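Undergrad: Below: one structure in structure tokens.
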Amino acid sequence: MEGMNVNLISGRTTVQGQNLDSKLTEKYFGEVARCDMNGSDMEKLGVAKDDNVKVTTAYGAVVVKAKQDDGNPEGLIFIPMGPWCNAVVSGDTHGAGMPSFKGIDAEIEKTEEEVLQVKELMRTYMG
Amino acid sequence: MVEITDVVCSLCGCVCDDIVLEVENNKVVKVKRGACSVGKSKLLGHERIKSPMIRENGELKECSYDEAIKKSAEILYKSRRPLLYGWSSTVCEADKVGVELTEDLGAVMDNTASVCHGPSVLAIQDVGLPSCTLGEVKNRADLVIYWGANPAQAHANHMKRYSYVSKGYWTAEGKKGKKLVVVDVRKTMTAKMADVFVQVEQGQDYPVFSALRAILQGHEDVVPDKVGGVPKEQLLELANMVKEAKFVMTFFGMGVTHTGARHNNIVNAIQFTRAAHLHTKASIMPLRGHYNVAGINQVCTWETGFPFAIEMARGYAWYNPGELSATDLLYRGDCDAAMIIASDPGAHFPGESLKHLAKIPVIQIDPYANPTTEFADVVIPVAVSGIEAEGNVYRMDNIPIRLRKILDTDYLPDEEILERILTEVRALREKEGE
Amino acid sequence: MADELLIRNGVVYDPINGVKGEKKDICIRDGKVVDSVTNPKVIDAEGRVVMPGGVDIHAHIAGGKVNAGRIMRPEDERKGVEPKTKVCRAQSGYSVPNTFATGYRYARMGYTFVMEAAMPPLAARHTHEEMIDIPILDNAALPLIDNNWMTMEYVKSGDMDLLAAYMAWIIKATKGFGVKIVNPGGTEAWAWGKNCDLNDSVPYFDVTPAEIIKGLAVANEKFDMPHSIHVHTNMLGHPGNFEVTKDTYDLVKGVKASKDRQVIHTTHTQFHSYGGTNWGNFESKADAIADYINQNDHATIDIGSVILGDTTTMTADGPMEYSLYQITGRKWTNHDVELETGSGITPFLYSGKVSVHTIQWAIGQELALLVKDPWKVALTTDHPNAGPFIGYPIIISHLMSKKRRDESAEDMHKAIFDRAALPSIDREYDLNEIAIITRGMTAKALGLHEHGKGHLGVGADADVAIYDMSPEERDAGKIQKAFLNTKYTIKAGEIVVKDGEVVATPPGRTIFVTPECDDKLTDEMMVTLKDKFAKYYSVTLNNYPVQDAYLPNPYEIKAPWRS
């Protein structure tokens with residue numbers, strides 16, 4: 001199947017918190033460069049655990065690893081707060097001071113593209 | 001080996017202060033009691049930035065503290081509109097120097113509340129905040145509501161020390177005598193513990209608060225069968241639980257500050273608490289993230305009159321969130337230098353805002369390398385507050401607690417770095433005879 | 001070389017030393033008043049009014065609820081912005097000014113000491129952090145000890161010695177100054193959404209507010225405490241509450257003071273001098289309160305006089321703030337503090353067009369005018385509750401001018417003529433009496449006259465206000481202007497204000513009291529206290545006391561055990 005439209009939210013996780021001061025480690029990468037979604041959504045997308053998925057919004061695109069979490073209702077995907085999620089968040093706060101870190105219209109699809117390491121991801125903002 | 005008690009955790013807004021550590025050869029070797037897994041990780045330590053550094057030809061090169069401080073002062077002094085951002089993972093004593101530096105430079109100062117509970121501050125400015133200390137919750141609350149928050153992962157000791165699981169004077173049986181309600185868009189770890197889980201459609205918190213207010217004010221007839229994905233029966237059940245409880249406590253998180261109506265969600269959450277107060281005692285509290293984000297809001301307010309998003313170019317504090325919030329400022333490209341202290345916008349700001357950070361000179365003051373380091377032109381490593389440096393912090397309920405110094409270090413504390421930068425800036429101004 | 005200053009040709013009002021408008025030189029060396037100087041810098045006062053630095057007995061200037069008021073009210077902060085200068089930090093705020101503005105504006109009015117009137121013990125560090133940031137002023141803070149579980153349990157069991165031991169411990173732990181009582185029992189009841197009248201039983205604690213007040217008065221007088229208990233009585237703001245206020249005085253009539261001073265000071269008494277049974281027949285009972293004060297010598301008051309306009313009300317009386325918010329529907333913050341106290345904050349507009357506000361406005365001034373002995377009454381606005389401290393000069397001008405009062409009354413609600421006494425009072429304060437209610441009486445009531453405050457005798461702190469007016473001035477407008485901005489304010493021998501401008505901002509000192517309690521009693525009390533920390537507090541006992549770092553300029557007063 002091709003890409004599907006979803007609602008993207010972000011938030012904290014335990015391992016993300018444990019690695020707040022070690023964001024350049026594999027542990028952080030493994031926890032935060034990922035996307036949780038309902039099993040039936042994974043089925044629709046034809047992805048299994050740790051397959052790469054590409055999430056695209058009006059503000060950018062990012063590749064992360066898929067993970068099943070049936071706590072998410074269908075159509076809602078969760079990327080832990082951090083550089084990967086923020087790659088697709090708008091900087092416009094509509095004058096409110098707070099970006100929309102949750103409730104972002106996104107398209108998700110299976111991809112063969114690689115997940116960028118954090119330094120590579122930061123480099124995409126330069127030049 | 002020495003055992004140290006009453007250690008205060010400098011990780012999240014819970015600021016647990018009953019931690020017991022074992023220290024040997026100036027190293028924390030064991031966290032014996034008190035800390036959650038996240039706090040424990042911080043206390044045991046992570047790889048540090050080894051030396052001050054200045055970027056030359058694209059590479060960060062090691063230098064002395066003196067050189068890094070001098071370079072920082074030059075960047076700030078030359079800048080027409082510097083942004084001084086962060087301030088939440090350090091102590092109030094450092095924050096105070098930060099305000100003075102902001103005033104001296106006529107700079108923009110913002111803190112991490114901007115991307116966390118900034119909307120809650122705006123809501124408080126609209127309607128106030130009926131709240132209490134965490135010990136009140138522990139001793140009295142028989143109904144605890146977590147709304148758009150997942151403390152089981154983000155504030156792992158919160159329920160145990162202060163709310164649902166804790167035991168206090170009128171709550172001697174702990175969770176047996178209490179009810180836990182979790183309102184969220186997904187079934188989180190916290191939701192799995194709840195007596196009642198209210199699953200709201202993403203972005204629909206506002207009408208759900210409104211419906212509850214209507215019921216509590218005696219207007220259940222106007223509530224439709226389903227609100228924000230929540231059946232009316234469940235809303236009636238929740239309102240009834242509120243009415244029957246002796247002490248209702250609502251904690252809310254970024255599930256409501258980060259979405260759709262933003263501060264309007266929080267206004268409505270507070271209005272819900274005010275409505276609950278018509279029937280019983282009700283309080284509400286934001287679950288603050290960083291251990292001293294409440295503290296920078298406090299310091300910035302008593303020193304400038306305003307909690308965040310201020311500019312001092314006029315000589316007095318000009319407050320305008322949405323204009324002066326760091327993400328907005330960067331998104332519009334409206335600052336020409338940035339000093340980032342005790343925070344990591346590289347990881348936590350929208351990519352669109354980071355594009356400007358990549359263009360301007362950036363000073364980073366932090367114990368650890370992180371994504372922001374990639375943008376930094378000057379990197380100044382510092383002592384870890386709460387482990388290598390003492391100072392005052394404010395818990396999420398605005399209770400001030402003093403962080404302890406546990407270990408010796410050669411790293412300088414934030415406060416001293418900032419004082420030296422300020423001194424250098426003033427020296428530059430004097431030299432130019434302004 | 002010694003740092004010397006000579007103030008020449010001033011007309012000095014120093015009531016503690018019996019100086020009533022005499023032409024007199026003031027000699028200053030190294031921050032203290034001395035007999036003579038040899039090579040001083042000279043200030044020629046040219047016949048202007050000279051007084052000791054003002055001593056404010058009760059204002060809310062620092063700490064959690066003051067800052068919560070600032071956070072909640074950016075509209076108030078925007079009202080008072082002033083840019084930084086070469087010596088001053090940036091200023092904000094009107095009714096809740098930032099810490100820097102607080103210091104500057106008090107100093108410009110000639111004040112050099114302010115008592116922060118309500119410090120929640122658990123948040124004491126916050127109060128001290130803000131006081132560090134208030135320039136110029138010497139300060140102290142009164143910890144709230146009355147809705148405290150330890151206090152209520154000892155009052156119930158009748159162990160007055162253990163109550164005194166706890167009182168001593170908490171004043172030391174908070175680096176506080178004395179015993180503050182705010183709606184005793186009522187704020188604990190408010191934790192369940194209720195309130196308490198003077199003789200109601202506090203829910204679950206089986207004591208009455210009356211017993212708490214009496215108990216704390218007895219405990220306080222077991223030490224040589226510089227100050228008496230400082231009481232915000234029950235039922236603040238309720239029509240008919242003057243009876244509660246009088247009953248409160250009677251409670252402690254038989255308690256013997258350990259020093260030559262009152263045994264009870266009731267604060268912002270304006271809010272507690274109400275007659276009537278509802279807002280419709282609300283009336284002034286200032287006369288009844290003044291009569292009581294005139295006939296008895298164990299009680300003093302401060303007036304808590306109203307300044308018309310918008311302000312930010314804030315108090316540890318949580319239920320009162322809730323009632324006020326219910327009336328106005330404006331924003332409302334509440335903050336209950338575990339095992340100890342609480343607080344509420346809501347904005348309020350005092351309008352001269354509203355009958356109740358007009359009567360409130362009259363009551364504060366009536367109290368000052370009807371209490372015959374000015375040594376029993378202090379000028380306050382309960383800043384910012386009845387109005388911001390910056391309004392003091394307005395009150396001074398009214399107390400000094402019957403004409404001014406009549407002019408003001410003309411523009412106000414007619415209720416002032418039939419439900420208040422003010423228009424019928426002819427008394428006018430003279431400058432000596434003004435000096436008493438703004439420095440002499442307040443320093444004495446706080447016991448600070450023994451520590452150099454509120455007078456200009458040899459050895460006193462060289463805190464001096466020189467007002468730009470002659471003692472003959474009768475124009476109320478000119479009097480008001482003179483008291484708003486001094487010609488000079490001198491703090492510890494240093495000129496801090498000149499021609500109404502702040503010219504130096506030395507840090508102030510924090511004065512704290514150490515009640516000295518027997519170790520054995522303390523040990524016995526600690527067993528109970530440790531249990532409270534183990535089971536009910538959300539911080540540990542070892543992290544609770546205020547560390548020395550929070551008092552960079554401390555001044556200790558020891559209060560030995562008496563009985």
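FYI, nothing fancy with the structure tokens labels: chains A, B, ... in order, residues from 1 per chain, ligands from 1 as they appear.
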Can you tell me which residues surround B:Glu233 at a distance of at most 12 Å, considering only C-alpha atoms, apart from same-chain residues fewer than 5 positions away, and format the answer as JSON, numbers by chain?

TA: {"B": [198, 211, 212, 215, 220, 223, 224, 225, 226, 227, 238, 239, 240]}

Undergrad: Determine, using only C-alpha atoms, which residues of chain B have any atom at most 6 Å from an atom of chain A, and tabulate each with its shortest atom pair and distance in Å to one decimal place, rows ordered by chain and then rising number, as a tab-separated table.

TA:
residue	atom	partner	partner_atom	distance
B:Val38	CA	A:Gln18	CA	4.5
B:Ser41	CA	A:Gln18	CA	5.5
B:Val115	CA	A:Met98	CA	5.7
B:Gln153	CA	A:Thr14	CA	4.7
B:Ala154	CA	A:Arg12	CA	5.8
B:Arg186	CA	A:Asn72	CA	4.8
B:Lys187	CA	A:Gly71	CA	4.3
B:His258	CA	A:Phe101	CA	5.5
B:Thr259	CA	A:Lys102	CA	5.3
B:Pro321	CA	A:Gly97	CA	5.3
B:Gly322	CA	A:Gly97	CA	3.7
B:Ser325	CA	A:Gly97	CA	5.4
B:Tyr331	CA	A:Gly91	CA	5.6
B:Ala347	CA	A:Pro83	CA	4.5
B:His348	CA	A:Gly82	CA	5.4
B:Pro350	CA	A:Asn86	CA	4.6
B:Gly351	CA	A:Ala87	CA	4.7
B:Glu352	CA	A:Gly91	CA	5.1
B:Ser353	CA	A:Gly91	CA	5.3
B:Lys355	CA	A:Tyr125	CA	4.8
B:Ala358	CA	A:Met126	CA	5.4
B:Asn370	CA	A:Lys23	CA	5.6

Undergrad: Keeping N, CA and C atoms, export the residues of the selection given above as a tab-separated table (two decimals), in the first residue's frame.

TA:
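What landed in result.tsv:
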chain	number	residue	atom	x	y	z
B	38	VAL	N	14.73	7.60	35.69
B	38	VAL	CA	15.22	8.75	34.94
B	38	VAL	C	16.18	9.58	35.79
B	41	SER	N	19.51	7.83	36.29
B	41	SER	CA	20.39	7.96	35.13
B	41	SER	C	21.18	9.27	35.22
B	115	VAL	N	8.14	26.31	25.24
B	115	VAL	CA	7.74	25.11	24.48
B	115	VAL	C	7.19	24.04	25.42
B	153	GLN	N	5.78	7.68	32.84
B	153	GLN	CA	7.02	7.74	32.09
B	153	GLN	C	7.77	9.06	32.24
B	154	ALA	N	7.02	10.15	32.36
B	154	ALA	CA	7.69	11.46	32.35
B	154	ALA	C	8.03	11.98	33.74
B	186	ARG	N	-4.33	8.50	23.90
B	186	ARG	CA	-3.87	7.13	23.68
B	186	ARG	C	-3.75	6.44	25.03
B	187	LYS	N	-3.78	5.12	25.00
B	187	LYS	CA	-3.73	4.37	26.26
B	187	LYS	C	-2.27	4.26	26.70
B	258	HIS	N	0.23	21.53	24.10
B	258	HIS	CA	0.86	21.42	22.78
B	258	HIS	C	-0.14	21.37	21.63
B	259	THR	N	-1.42	21.28	21.94
B	259	THR	CA	-2.39	21.01	20.88
B	259	THR	C	-3.30	22.18	20.59
B	321	PRO	N	4.77	37.23	24.48
B	321	PRO	CA	4.88	35.87	23.98
B	321	PRO	C	4.24	35.79	22.60
B	322	GLY	N	4.79	34.95	21.74
B	322	GLY	CA	4.28	34.88	20.37
B	322	GLY	C	5.11	35.76	19.46
B	325	SER	N	8.85	34.83	22.00
B	325	SER	CA	9.15	33.44	22.32
B	325	SER	C	10.26	32.98	21.39
B	331	TYR	N	12.16	31.48	14.04
B	331	TYR	CA	11.39	31.19	12.85
B	331	TYR	C	11.35	32.41	11.92
B	347	ALA	N	17.43	19.79	19.99
B	347	ALA	CA	16.57	18.60	20.06
B	347	ALA	C	15.10	18.96	20.15
B	348	HIS	N	14.79	20.12	20.73
B	348	HIS	CA	13.40	20.34	21.12
B	348	HIS	C	12.68	21.48	20.40
B	350	PRO	N	11.26	23.17	16.71
B	350	PRO	CA	10.92	22.76	15.35
B	350	PRO	C	12.09	22.99	14.40
B	351	GLY	N	12.27	22.07	13.45
B	351	GLY	CA	13.34	22.19	12.48
B	351	GLY	C	13.33	23.54	11.78
B	352	GLU	N	12.13	24.03	11.50
B	352	GLU	CA	12.02	25.32	10.81
B	352	GLU	C	12.68	26.45	11.59
B	353	SER	N	12.63	26.37	12.92
B	353	SER	CA	13.27	27.40	13.74
B	353	SER	C	14.78	27.21	13.80
B	355	LYS	N	16.76	26.37	11.49
B	355	LYS	CA	17.47	26.85	10.30
B	355	LYS	C	18.15	28.19	10.57
B	358	ALA	N	21.25	27.92	12.78
B	358	ALA	CA	22.43	27.48	12.04
B	358	ALA	C	23.15	28.65	11.39
B	370	ASN	N	25.12	17.92	22.97
B	370	ASN	CA	23.79	17.52	22.52
B	370	ASN	C	23.57	18.11	21.13

Undergrad: What are the residues of chain B that have an atom within 8 Å of an atom of chain C, counting only C-alpha atoms, as a PDB file with C-alpha atoms, in the first residue's frame?

TA:
ATOM      1  CA  ASP B   6      18.642  14.004  51.517  1.00  0.00           C
ATOM      2  CA  CYS B  16      12.579  14.538  44.876  1.00  0.00           C
ATOM      3  CA  ASP B  17      14.687  15.404  47.914  1.00  0.00           C
ATOM      4  CA  ASP B  18      14.988  12.122  49.808  1.00  0.00           C
ATOM      5  CA  GLU B 103      19.169  43.975  30.864  1.00  0.00           C
ATOM      6  CA  VAL B 121       1.196  30.790  32.075  1.00  0.00           C
ATOM      7  CA  ILE B 124      -3.102  31.820  34.498  1.00  0.00           C
ATOM      8  CA  GLN B 125      -2.903  35.407  33.298  1.00  0.00           C
ATOM      9  CA  ASP B 126      -6.458  35.011  32.058  1.00  0.00           C
ATOM     10  CA  VAL B 127      -8.134  33.262  34.992  1.00  0.00           C
ATOM     11  CA  GLY B 128      -5.607  32.579  37.782  1.00  0.00           C
ATOM     12  CA  LEU B 129      -4.712  29.174  39.176  1.00  0.00           C
ATOM     13  CA  PRO B 130      -6.443  27.503  42.122  1.00  0.00           C
ATOM     14  CA  SER B 131      -3.685  25.188  43.300  1.00  0.00           C
ATOM     15  CA  CYS B 132      -1.795  23.832  46.286  1.00  0.00           C
ATOM     16  CA  THR B 133       1.480  22.191  47.257  1.00  0.00           C
ATOM     17  CA  LEU B 134       2.130  18.540  46.441  1.00  0.00           C
ATOM     18  CA  GLY B 135       1.926  17.614  50.134  1.00  0.00           C
ATOM     19  CA  GLU B 136      -1.695  18.817  50.153  1.00  0.00           C
ATOM     20  CA  LYS B 138      -0.635  13.564  49.254  1.00  0.00           C
ATOM     21  CA  ASN B 139      -2.561  14.184  52.484  1.00  0.00           C
ATOM     22  CA  ARG B 161       5.528  10.546  46.300  1.00  0.00           C
ATOM     23  CA  TYR B 162       2.714  12.996  45.863  1.00  0.00           C
ATOM     24  CA  LYS B 167      -0.114   7.792  51.776  1.00  0.00           C
ATOM     25  CA  GLY B 168      -0.917  10.828  53.886  1.00  0.00           C
ATOM     26  CA  TYR B 169      -3.010  12.044  56.815  1.00  0.00           C
ATOM     27  CA  LYS B 246     -13.662  15.510  49.139  1.00  0.00           C
ATOM     28  CA  PHE B 247     -10.586  16.844  47.390  1.00  0.00           C
ATOM     29  CA  HIS B 277     -15.121  24.139  43.476  1.00  0.00           C
ATOM     30  CA  THR B 280     -16.095  20.393  46.694  1.00  0.00           C
ATOM     31  CA  LYS B 281     -12.459  21.361  47.112  1.00  0.00           C
ATOM     32  CA  GLN B 298       9.711  32.948  39.358  1.00  0.00           C
ATOM     33  CA  THR B 301       8.916  37.612  37.253  1.00  0.00           C
ATOM     34  CA  TRP B 302      10.197  39.100  40.503  1.00  0.00           C
ATOM     35  CA  GLU B 303      13.100  40.747  38.683  1.00  0.00           C
ATOM     36  CA  THR B 304      11.352  41.944  35.507  1.00  0.00           C
ATOM     37  CA  GLY B 305       7.632  41.615  36.230  1.00  0.00           C
ATOM     38  CA  PHE B 306       7.094  38.921  33.610  1.00  0.00           C
ATOM     39  CA  PRO B 307       7.718  35.165  33.518  1.00  0.00           C
ATOM     40  CA  ARG B 314      13.726  49.629  25.734  1.00  0.00           C
ATOM     41  CA  GLY B 315      15.570  49.631  29.052  1.00  0.00           C
ATOM     42  CA  TYR B 316      12.589  48.040  30.774  1.00  0.00           C
ATOM     43  CA  ALA B 317      10.973  44.664  30.266  1.00  0.00           C
ATOM     44  CA  ASN B 398       6.675  26.438  43.386  1.00  0.00           C
ATOM     45  CA  ILE B 399       8.193  25.122  46.604  1.00  0.00           C
ATOM     46  CA  PRO B 400      11.826  26.287  46.808  1.00  0.00           C
ATOM     47  CA  ILE B 401      14.391  23.595  47.580  1.00  0.00           C
ATOM     48  CA  ARG B 402      18.157  23.947  47.711  1.00  0.00           C
TER      49      ARG B 402
END

Undergrad: Please, which residues of chain A, numbered as in this document, come out alpha helix (DSSP H) from DSSP, as a list in words?

TA: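 Of chain A, only Thr14, Val15, Gln16, Gly17, Gln18, Glu26, Lys27, Tyr28, Phe29, Gly30, Glu31, Val32, Gly39, Ser40, Asp41, Met42, Glu43, Lys44, Leu45, Pro83, Trp84, Cys85, Asn86, Val118, Lys119, Glu120, Leu121, Met122 and Arg123 of chain A fall in alpha helix (DSSP H).
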
Undergrad: Report as a list of chain:residue names all protein, DNA and RNA residues lying within 6 Å of C:Thr312, evaluated on only C-alpha atoms, omitting residues in the same chain fewer than 3 positions from it.

TA: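 After dropping sequence-adjacent residues, the list is C:Thr346, C:Pro347, C:Phe348, C:Pro384.
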
Undergrad: Please dump the current selection as a PDB file, in the first residue's frame; keep C-alpha atoms.

TA:
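Below you can see out.pdb, which holds the result:
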ATOM      1  CA  THR C 346      -7.493  38.216  43.204  1.00  0.00           C
ATOM      2  CA  PRO C 347      -7.494  41.697  41.622  1.00  0.00           C
ATOM      3  CA  PHE C 348      -9.843  44.266  43.084  1.00  0.00           C
ATOM      4  CA  PRO C 384      -1.218  45.769  48.162  1.00  0.00           C
TER       5      PRO C 384
END

Undergrad: Using DSSP assignments from the backbone, pull out every residue in stretch 65-195 of chain B that falls under strand (DSSP E) and give it to me as a VMD selection string.

TA: chain B and resid 82 to 86 108 to 111 130 to 132 143 to 147 179 to 184

Undergrad: Put those residues in a file: N, CA and C atoms, as a PDB file, in the first residue's frame.

TA:
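And here's out.pdb as it stands now:
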ATOM      1  N   PRO B  82      20.529  39.965  20.552  1.00  0.00           N
ATOM      2  CA  PRO B  82      20.820  38.588  20.950  1.00  0.00           C
ATOM      3  C   PRO B  82      19.633  37.939  21.658  1.00  0.00           C
ATOM      4  N   LEU B  83      19.529  36.634  21.499  1.00  0.00           N
ATOM      5  CA  LEU B  83      18.525  35.837  22.215  1.00  0.00           C
ATOM      6  C   LEU B  83      19.252  35.038  23.298  1.00  0.00           C
ATOM      7  N   LEU B  84      18.811  35.191  24.536  1.00  0.00           N
ATOM      8  CA  LEU B  84      19.379  34.400  25.626  1.00  0.00           C
ATOM      9  C   LEU B  84      18.312  33.400  26.054  1.00  0.00           C
ATOM     10  N   TYR B  85      18.544  32.136  25.746  1.00  0.00           N
ATOM     11  CA  TYR B  85      17.474  31.143  25.897  1.00  0.00           C
ATOM     12  C   TYR B  85      17.889  29.956  26.745  1.00  0.00           C
ATOM     13  N   GLY B  86      16.938  29.428  27.475  1.00  0.00           N
ATOM     14  CA  GLY B  86      17.131  28.189  28.226  1.00  0.00           C
ATOM     15  C   GLY B  86      16.702  28.356  29.663  1.00  0.00           C
ATOM     16  N   VAL B 108      16.827  39.768  24.182  1.00  0.00           N
ATOM     17  CA  VAL B 108      15.596  39.007  24.365  1.00  0.00           C
ATOM     18  C   VAL B 108      15.926  37.835  25.275  1.00  0.00           C
ATOM     19  N   MET B 109      15.089  37.600  26.286  1.00  0.00           N
ATOM     20  CA  MET B 109      15.284  36.463  27.171  1.00  0.00           C
ATOM     21  C   MET B 109      14.033  35.602  27.152  1.00  0.00           C
ATOM     22  N   ASP B 110      14.255  34.320  26.941  1.00  0.00           N
ATOM     23  CA  ASP B 110      13.126  33.394  26.962  1.00  0.00           C
ATOM     24  C   ASP B 110      13.593  32.104  27.617  1.00  0.00           C
ATOM     25  N   ASN B 111      12.654  31.382  28.179  1.00  0.00           N
ATOM     26  CA  ASN B 111      13.027  30.109  28.811  1.00  0.00           C
ATOM     27  C   ASN B 111      12.183  28.969  28.276  1.00  0.00           C
ATOM     28  N   PRO B 130      -6.177  28.068  40.800  1.00  0.00           N
ATOM     29  CA  PRO B 130      -6.443  27.503  42.122  1.00  0.00           C
ATOM     30  C   PRO B 130      -5.614  26.236  42.303  1.00  0.00           C
ATOM     31  N   SER B 131      -4.621  26.302  43.203  1.00  0.00           N
ATOM     32  CA  SER B 131      -3.685  25.188  43.300  1.00  0.00           C
ATOM     33  C   SER B 131      -3.267  24.962  44.747  1.00  0.00           C
ATOM     34  N   CYS B 132      -2.242  24.181  44.941  1.00  0.00           N
ATOM     35  CA  CYS B 132      -1.795  23.832  46.286  1.00  0.00           C
ATOM     36  C   CYS B 132      -0.412  23.198  46.176  1.00  0.00           C
ATOM     37  N   LEU B 143      -9.534  12.058  44.782  1.00  0.00           N
ATOM     38  CA  LEU B 143      -9.735  11.889  43.333  1.00  0.00           C
ATOM     39  C   LEU B 143      -8.592  12.606  42.617  1.00  0.00           C
ATOM     40  N   VAL B 144      -7.794  11.827  41.878  1.00  0.00           N
ATOM     41  CA  VAL B 144      -6.658  12.397  41.158  1.00  0.00           C
ATOM     42  C   VAL B 144      -6.903  12.232  39.669  1.00  0.00           C
ATOM     43  N   ILE B 145      -6.807  13.334  38.942  1.00  0.00           N
ATOM     44  CA  ILE B 145      -7.016  13.309  37.488  1.00  0.00           C
ATOM     45  C   ILE B 145      -5.711  13.715  36.797  1.00  0.00           C
ATOM     46  N   TYR B 146      -5.222  12.895  35.905  1.00  0.00           N
ATOM     47  CA  TYR B 146      -4.106  13.285  35.032  1.00  0.00           C
ATOM     48  C   TYR B 146      -4.681  13.505  33.644  1.00  0.00           C
ATOM     49  N   TRP B 147      -4.513  14.687  33.151  1.00  0.00           N
ATOM     50  CA  TRP B 147      -5.127  15.051  31.853  1.00  0.00           C
ATOM     51  C   TRP B 147      -4.002  15.409  30.874  1.00  0.00           C
ATOM     52  N   LYS B 179      -9.387   7.421  43.849  1.00  0.00           N
ATOM     53  CA  LYS B 179      -9.726   7.075  42.463  1.00  0.00           C
ATOM     54  C   LYS B 179      -8.770   7.816  41.535  1.00  0.00           C
ATOM     55  N   LEU B 180      -8.359   7.122  40.487  1.00  0.00           N
ATOM     56  CA  LEU B 180      -7.490   7.728  39.483  1.00  0.00           C
ATOM     57  C   LEU B 180      -8.220   7.809  38.148  1.00  0.00           C
ATOM     58  N   VAL B 181      -8.275   9.005  37.598  1.00  0.00           N
ATOM     59  CA  VAL B 181      -8.856   9.201  36.272  1.00  0.00           C
ATOM     60  C   VAL B 181      -7.746   9.679  35.345  1.00  0.00           C
ATOM     61  N   VAL B 182      -7.644   9.059  34.179  1.00  0.00           N
ATOM     62  CA  VAL B 182      -6.664   9.526  33.201  1.00  0.00           C
ATOM     63  C   VAL B 182      -7.406   9.910  31.923  1.00  0.00           C
ATOM     64  N   VAL B 183      -7.126  11.099  31.443  1.00  0.00           N
ATOM     65  CA  VAL B 183      -7.724  11.561  30.191  1.00  0.00           C
ATOM     66  C   VAL B 183      -6.595  11.707  29.185  1.00  0.00           C
ATOM     67  N   ASP B 184      -6.675  10.994  28.091  1.00  0.00           N
ATOM     68  CA  ASP B 184      -5.594  11.054  27.108  1.00  0.00           C
ATOM     69  C   ASP B 184      -6.116  10.612  25.757  1.00  0.00           C
TER      70      ASP B 184
END
